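Here's the structure, in structure tokens; my notes come after.
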Amino acid sequence: MSIHIGIRDNDASTTDAERNGGLYSPAKEKAANRGVYSSRSPLLLRRVRQLLAAAKVKTLLGLCFLCFFVLATSRLRSFMGWNTHYPSSVSSPSRGGYTILINTWKRNSLLKQSVAHYASCSGTDAIHVVWSEIDPPSETLKAYLKKIVFSKSQTFHKPNFKFDINEEDDLNNRFKPIEELRTDAIFSVDDDVVVPCPTLDFAFTVWQSAPFSMVGFVPRMHWLDKSKNGDAYYNYGGWWSVWWMGTYSMVLSKAAFFHRRYLDLYTHKMPSSIHDYVSRERNCEDIAMSLLLANATSAPPIWVKGKIYEIGSSGISSLQGHSKRRNKCLNDFISLYGTMPLVSTNVKAVDARHEWFW
């Protein structure tokens, strides 16, 4: 009985071994397991290759889009007439920054405030004061202003300070050429106008993109009125006209950047009859400068949005009949030029960092 049972056990074990391919071997079991994993590895490699190919395609498309965007932007700048690579004052250290040109007249207290403020602006390379009074500035005033420039300046390079003294009282003096200038950019400003330094620096960057334009904070406009005896007659519009119409064709030199070459053009190339007119009327030198730039460039000025502060109590613009005199100046200058060079625009430069919407 026990013998039959033993034979059945041997047969069963043999059958199991045969079913497993013969005798049991640990090496065969490991090889079988490797076969399972090796069958999965080609699928994993294929998946990795697909992901890498997709990433390459996306990267290539992104680079193509970036190249297209850069090309389109450069073409758009050229179309608009803005040249960010023009060799202006920023291209050479000797031309860096800007020169403050302050026009003053018997307001020493305002002059002191103005000089102290502009000396504190980091972009100020020099400050020139146009002095047209009969008596020259006192030594006390000179010493005070030089000291205040040195103390208020926050840069290692201290701005140069100088009085440009004129023997005659003439509004044309504010646009006389200045020797030994180290900058191309001139910021012309009245002694009672204060422009905050960040706003001034932004306007300077705008001017750098269009260095032969006039870039300023006080826009004015003109429009054609044919009702004057059937002849072309132009009206001069102040701030409220600009605000209402949404257009302008001038920025006043009481707070404006322009290239220093226009000082030479104003003094030596502009018709002498316009010089005589400004000297006689004691007005409108700013309109004459606007006409000069428009005639030279056939382009409009650029108005920069920004707060400015007028610290003086009053000026010639507050006098009665000022608007009529400005109308007369404009039309008389156009007659002397023989044409209307002013170009109107509704473009305004805005610092997007200080705006709610881009």
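A note on labels: chains of the structure tokens are A, B, ... as shown, every chain counts residues from 1, and ligands are counted from 1 in their shown order.
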Excluding Asn160 in chain A and residues on its chain fewer than 6 positions from it, collect all residues at most 8 Å away from it, counting only C-alpha atoms, and give them as a list in words.
Asp125, Ala126 and Ile127 of chain A
Would you output that residue set with N, CA, C and O atoms, as a CSV table (one decimal), in the first residue's frame?
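Output file selection-v8.csv is given in full below:
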```
chain,number,residue,atom,x,y,z
A,125,ASP,N,23.5,117.4,-16.3
A,125,ASP,CA,24.9,117.5,-16.5
A,125,ASP,C,25.4,118.9,-16.3
A,125,ASP,O,26.6,119.1,-15.8
A,126,ALA,N,24.6,119.9,-16.5
A,126,ALA,CA,25.0,121.3,-16.4
A,126,ALA,C,23.7,122.1,-16.2
A,126,ALA,O,22.6,121.8,-16.7
A,127,ILE,N,23.9,123.3,-15.6
A,127,ILE,CA,22.8,124.2,-15.4
A,127,ILE,C,23.3,125.6,-15.9
A,127,ILE,O,24.3,126.1,-15.4
```
Suppose you want the space between CA of Ala116 in chain A and CA of Pro219 in chain A; what is it in Å?
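Distance reported for this atom pair: 26.0 Å.
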Among listed residues A:Ser344, A:Gln50, A:Thr339, A:Asn108, nearest Ser249 in chain A (using only C-alpha atoms)
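Under the stated criterion, the closest residue is A:Ser344.
For the pair CA of Glu168 in chain A and CA of Asn295 in chain A, the separation is 28.1 Å.
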Residue list (alpha helix (DSSP H), DSSP) for range 112-321 of chain A, as a PyMOL selection string:
chain A and resi 112-119+139-152+197-209+239-245+261-264+272-281+285-297
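Comparing the minimum interatomic distances between Gly306 in chain A and each of A:Pro198, A:Gly238, A:Gly338, A:Gly246, counting only C-alpha atoms, we find that A:Pro198 sits nearest.
When only C-alpha atoms are used to compute distances to Asp164 in chain A, the closest of the residues A:His128, A:His268, A:Lys142, A:Arg280 turns out to be A:His128.
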When distances are computed from only C-alpha atoms, which of A:Lys146, A:Arg261, A:Arg107, A:His222 shows the smallest separation from Asp190 in chain A?
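Closest residue, counting only C-alpha atoms: A:Arg107.
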Restricting the calculation to only C-alpha atoms, which member of A:Arg260, A:Arg326, A:Lys307, A:Arg182 is positioned closest to Ala288 in chain A?
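Under the stated criterion, the closest residue is A:Arg326.
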Give the answer as one residue: which of A:Ile100, A:Val206, A:Met221, A:Met214 has the shortest atom-to-atom distance to Arg174 in chain A, using only C-alpha atoms?
A:Ile100
So what do you get for CA of Phe163 in chain A versus CA of Ala256 in chain A, distance-wise?
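Calculated distance between CA of Phe163 in chain A and CA of Ala256 in chain A is 19.9 Å.
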